[in-house]
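J.: Sharing a structure with you now.
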Amino acid sequence: MGMYNEKVMEYFLHPRNVGEIENADGTGTYGSPVCGDMMSISIKVEDDRIVDAKFKTFGCGSAIASSSVATEMMIGKTVDEALAITNKTIVDELGGLPAVKIHCSVLADHAIKSAIYDYAQKTGKHYAGLEGFDPNSDEHGE
(Lines give C-alpha, C1' and ligand atoms only; values in the text may rest on other atoms or scores of the structure.)
Protein backbone atom coordinates (compact mmCIF):
# COMPACT_ATOMS: atom_id res chain seq x y z
CA MET A 1 0.00 0.00 0.00
CA GLY A 2 3.06 2.24 0.10
CA MET A 3 2.29 3.79 -3.27
CA TYR A 4 -0.77 5.66 -2.02
CA ASN A 5 -0.68 8.89 -0.08
CA GLU A 6 -2.85 9.44 2.99
CA LYS A 7 -5.50 11.39 1.15
CA VAL A 8 -6.05 8.62 -1.41
CA MET A 9 -6.22 6.07 1.41
CA GLU A 10 -8.71 8.25 3.28
CA TYR A 11 -11.02 8.46 0.27
CA PHE A 12 -10.62 4.77 -0.43
CA LEU A 13 -11.39 3.72 3.15
CA HIS A 14 -14.08 6.34 3.74
CA PRO A 15 -15.47 7.25 0.34
CA ARG A 16 -17.99 10.09 0.19
CA ASN A 17 -21.23 10.13 -1.77
CA VAL A 18 -21.49 6.41 -2.43
CA GLY A 19 -24.74 5.22 -3.95
CA GLU A 20 -27.25 6.30 -6.50
CA ILE A 21 -29.53 9.30 -6.70
CA GLU A 22 -33.15 8.33 -7.20
CA ASN A 23 -34.70 10.07 -10.19
CA ALA A 24 -31.31 11.53 -11.06
CA ASP A 25 -31.20 14.36 -13.58
CA GLY A 26 -28.23 12.75 -15.26
CA THR A 27 -26.40 9.44 -14.99
CA GLY A 28 -23.14 8.51 -16.63
CA THR A 29 -21.56 5.09 -16.62
CA TYR A 30 -18.13 4.48 -17.94
CA GLY A 31 -15.97 1.41 -17.95
CA SER A 32 -12.41 0.77 -18.91
CA PRO A 33 -11.91 -2.25 -21.13
CA VAL A 34 -8.24 -2.13 -20.09
CA CYS A 35 -8.55 -2.67 -16.36
CA GLY A 36 -12.17 -3.70 -15.94
CA ASP A 37 -12.99 -0.75 -13.67
CA MET A 38 -16.56 0.52 -13.96
CA MET A 39 -17.87 3.80 -12.70
CA SER A 40 -21.31 5.29 -12.51
CA ILE A 41 -22.01 8.88 -11.45
CA SER A 42 -25.49 10.32 -10.95
CA ILE A 43 -26.27 13.99 -10.49
CA LYS A 44 -29.11 16.19 -9.31
CA VAL A 45 -29.26 19.62 -10.94
CA GLU A 46 -31.19 22.69 -9.82
CA ASP A 47 -30.90 26.08 -11.53
CA ASP A 48 -27.96 24.82 -13.55
CA ARG A 49 -26.06 23.95 -10.37
CA ILE A 50 -25.16 20.44 -9.29
CA VAL A 51 -26.76 20.08 -5.89
CA ASP A 52 -25.94 16.42 -5.37
CA ALA A 53 -23.74 13.76 -6.91
CA LYS A 54 -23.30 10.11 -6.03
CA PHE A 55 -21.13 7.40 -7.45
CA LYS A 56 -20.85 3.65 -7.67
CA THR A 57 -17.53 2.22 -8.64
CA PHE A 58 -16.41 -1.29 -9.31
CA GLY A 59 -12.66 -1.12 -9.27
CA CYS A 60 -9.46 -0.55 -7.40
CA GLY A 61 -8.82 1.88 -4.57
CA SER A 62 -7.65 4.61 -6.95
CA ALA A 63 -10.84 4.34 -8.98
CA ILE A 64 -12.94 4.62 -5.82
CA ALA A 65 -10.88 7.54 -4.50
CA SER A 66 -11.02 9.29 -7.90
CA SER A 67 -14.78 9.03 -8.24
CA SER A 68 -15.38 9.97 -4.61
CA VAL A 69 -13.28 13.12 -4.84
CA ALA A 70 -14.84 13.90 -8.24
CA THR A 71 -18.37 13.88 -6.78
CA GLU A 72 -17.20 16.05 -3.88
CA MET A 73 -15.69 18.56 -6.29
CA MET A 74 -18.87 18.69 -8.38
CA ILE A 75 -21.38 19.40 -5.64
CA GLY A 76 -22.25 23.08 -5.43
CA LYS A 77 -20.66 23.87 -8.78
CA THR A 78 -22.46 25.04 -11.87
CA VAL A 79 -22.63 22.58 -14.74
CA ASP A 80 -19.97 24.58 -16.61
CA GLU A 81 -17.66 24.53 -13.58
CA ALA A 82 -18.15 20.79 -13.18
CA LEU A 83 -17.30 20.28 -16.85
CA ALA A 84 -14.01 22.04 -16.21
CA ILE A 85 -12.96 19.27 -13.81
CA THR A 86 -10.36 17.14 -15.57
CA ASN A 87 -8.45 14.05 -14.63
CA LYS A 88 -5.59 16.38 -13.75
CA THR A 89 -7.66 18.39 -11.27
CA ILE A 90 -8.84 15.10 -9.72
CA VAL A 91 -5.25 13.85 -9.35
CA ASP A 92 -4.17 17.20 -7.89
CA GLU A 93 -7.04 17.15 -5.42
CA LEU A 94 -5.95 13.67 -4.32
CA GLY A 95 -2.39 14.87 -3.90
CA GLY A 96 -1.13 12.66 -6.71
CA LEU A 97 -1.69 9.11 -7.93
CA PRO A 98 0.85 6.50 -8.97
CA ALA A 99 1.47 6.71 -12.73
CA VAL A 100 -0.11 3.31 -13.34
CA LYS A 101 -3.31 4.57 -11.73
CA ILE A 102 -3.73 7.83 -13.64
CA HIS A 103 -6.27 6.11 -15.91
CA CYS A 104 -8.60 5.86 -12.88
CA SER A 105 -8.86 9.63 -12.78
CA VAL A 106 -9.49 9.65 -16.54
CA LEU A 107 -12.42 7.29 -15.92
CA ALA A 108 -13.85 9.65 -13.29
CA ASP A 109 -13.42 12.61 -15.63
CA HIS A 110 -15.28 10.69 -18.37
CA ALA A 111 -18.05 9.55 -15.98
CA ILE A 112 -18.68 13.16 -14.87
CA LYS A 113 -18.97 14.28 -18.48
CA SER A 114 -21.22 11.32 -19.31
CA ALA A 115 -23.59 12.22 -16.45
CA ILE A 116 -23.73 15.87 -17.57
CA TYR A 117 -24.14 14.75 -21.18
CA ASP A 118 -27.14 12.66 -20.11
CA TYR A 119 -28.59 15.66 -18.28
CA ALA A 120 -28.00 17.90 -21.32
CA GLN A 121 -29.69 15.36 -23.62
CA LYS A 122 -32.72 15.13 -21.33
CA THR A 123 -33.10 18.89 -20.97
CA GLY A 124 -32.05 19.95 -24.47
CA LYS A 125 -29.28 22.13 -23.07
CA HIS A 126 -25.97 22.81 -24.71
CA TYR A 127 -22.68 23.19 -22.90
CA ALA A 128 -19.43 24.27 -24.46
CA GLY A 129 -17.58 21.79 -22.27
CA LEU A 130 -19.36 18.92 -24.01
CA GLU A 131 -18.32 19.93 -27.53
CA GLY A 132 -17.12 16.84 -29.31
CA PHE A 133 -17.70 14.64 -26.26
CA ASP A 134 -18.83 11.12 -27.08
CA PRO A 135 -20.03 9.16 -24.05
CA ASN A 136 -19.50 5.90 -25.91
CA SER A 137 -15.94 6.50 -26.97
CA ASP A 138 -13.26 4.60 -25.16
CA GLU A 139 -10.53 7.04 -25.97
CA HIS A 140 -8.20 7.28 -23.04
CA GLY A 141 -6.58 10.49 -24.14
CA GLU A 142 -6.35 13.78 -22.33
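Chain labels A, B, ... are given in the sequence in which chains occur in the C-alpha coordinates; within each chain residues are numbered consecutively from 1, and ligands are likewise numbered from 1 in the order shown.
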Can you build me a table of region 57-96 of chain A residues sitting at most 10 Å from region 43-48 of chain A, with the closest atom pair per residue and its distance in Å to one decimal, using only C-alpha atoms, sorted by chain and residue number, as a Markdown table?
T.:
```
| residue | atom | partner | partner_atom | distance |
| --- | --- | --- | --- | --- |
| A:Thr71 | CA | A:Ile43 | CA | 8.7 |
| A:Met74 | CA | A:Ile43 | CA | 9.0 |
| A:Ile75 | CA | A:Ile43 | CA | 8.8 |
| A:Gly76 | CA | A:Val45 | CA | 9.6 |
| A:Lys77 | CA | A:Asp48 | CA | 8.8 |
| A:Thr78 | CA | A:Asp48 | CA | 5.8 |
| A:Val79 | CA | A:Asp48 | CA | 5.9 |
| A:Asp80 | CA | A:Asp48 | CA | 8.6 |
```
J.: Please identify which residues in region 35-130 of chain A DSSP calls alpha helix (DSSP H) from the backbone, and express them as a ChimeraX atom specification.
T.: /A:61-74,79-83,87-93,102-123
J.: Taking only C-alpha atoms into account, which of A:Met9, A:Ala70, A:Val34, A:Cys104 comes nearest Ala84 (chain A)?
T.: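 Checking each candidate against Ala84 (chain A), we get A:Ala70 as the closest.
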J.: For Cys35 (chain A), please output as a CSV table (one decimal) with all heavy atoms, in the first residue's frame all residues within 10 Å (counting only C-alpha atoms; exclusion window: fewer than 3 positions along the same chain).
T.:
```
chain,number,residue,atom,x,y,z
A,31,GLY,N,-16.8,2.5,-18.3
A,31,GLY,CA,-16.0,1.4,-17.9
A,31,GLY,C,-14.7,1.4,-18.8
A,31,GLY,O,-14.7,1.8,-19.9
A,32,SER,N,-13.7,0.9,-18.2
A,32,SER,CA,-12.4,0.8,-18.9
A,32,SER,C,-12.2,-0.7,-19.3
A,32,SER,O,-12.2,-1.6,-18.5
A,32,SER,CB,-11.2,1.2,-18.0
A,32,SER,OG,-10.1,0.6,-18.5
A,38,MET,N,-15.3,0.0,-13.5
A,38,MET,CA,-16.6,0.5,-14.0
A,38,MET,C,-17.0,1.6,-13.0
A,38,MET,O,-16.8,1.5,-11.8
A,38,MET,CB,-17.7,-0.5,-13.9
A,38,MET,CG,-17.8,-1.4,-15.1
A,38,MET,SD,-18.4,-0.6,-16.6
A,38,MET,CE,-20.1,-0.3,-16.1
A,59,GLY,N,-14.1,-1.3,-8.8
A,59,GLY,CA,-12.7,-1.1,-9.3
A,59,GLY,C,-11.7,-1.0,-8.1
A,59,GLY,O,-12.1,-1.2,-7.0
A,60,CYS,N,-10.5,-0.6,-8.4
A,60,CYS,CA,-9.5,-0.5,-7.4
A,60,CYS,C,-9.6,0.7,-6.5
A,60,CYS,O,-10.5,1.5,-6.8
A,60,CYS,CB,-8.1,-0.5,-8.1
A,60,CYS,SG,-7.9,1.0,-9.1
A,103,HIS,N,-5.1,6.4,-15.1
A,103,HIS,CA,-6.3,6.1,-15.9
A,103,HIS,C,-7.5,6.1,-15.1
A,103,HIS,O,-8.6,6.3,-15.6
A,103,HIS,CB,-6.1,4.8,-16.7
A,103,HIS,CG,-6.1,3.6,-15.8
A,103,HIS,ND1,-5.0,3.0,-15.3
A,103,HIS,CD2,-7.1,2.8,-15.2
A,103,HIS,CE1,-5.3,2.0,-14.5
A,103,HIS,NE2,-6.6,1.9,-14.4
A,104,CYS,N,-7.4,5.9,-13.8
A,104,CYS,CA,-8.6,5.9,-12.9
A,104,CYS,C,-9.2,7.2,-12.8
A,104,CYS,O,-10.4,7.4,-12.8
A,104,CYS,CB,-8.2,5.4,-11.5
A,104,CYS,SG,-7.6,3.7,-11.4
```
J.: Ranking A:Lys54, A:Lys125, A:His110, A:Arg49 by minimum distance to Arg16 (chain A) and counting only C-alpha atoms, which one comes first?
T.: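 Comparing A:Lys54, A:Lys125, A:His110, A:Arg49 against Arg16 (chain A), the winner is A:Lys54.
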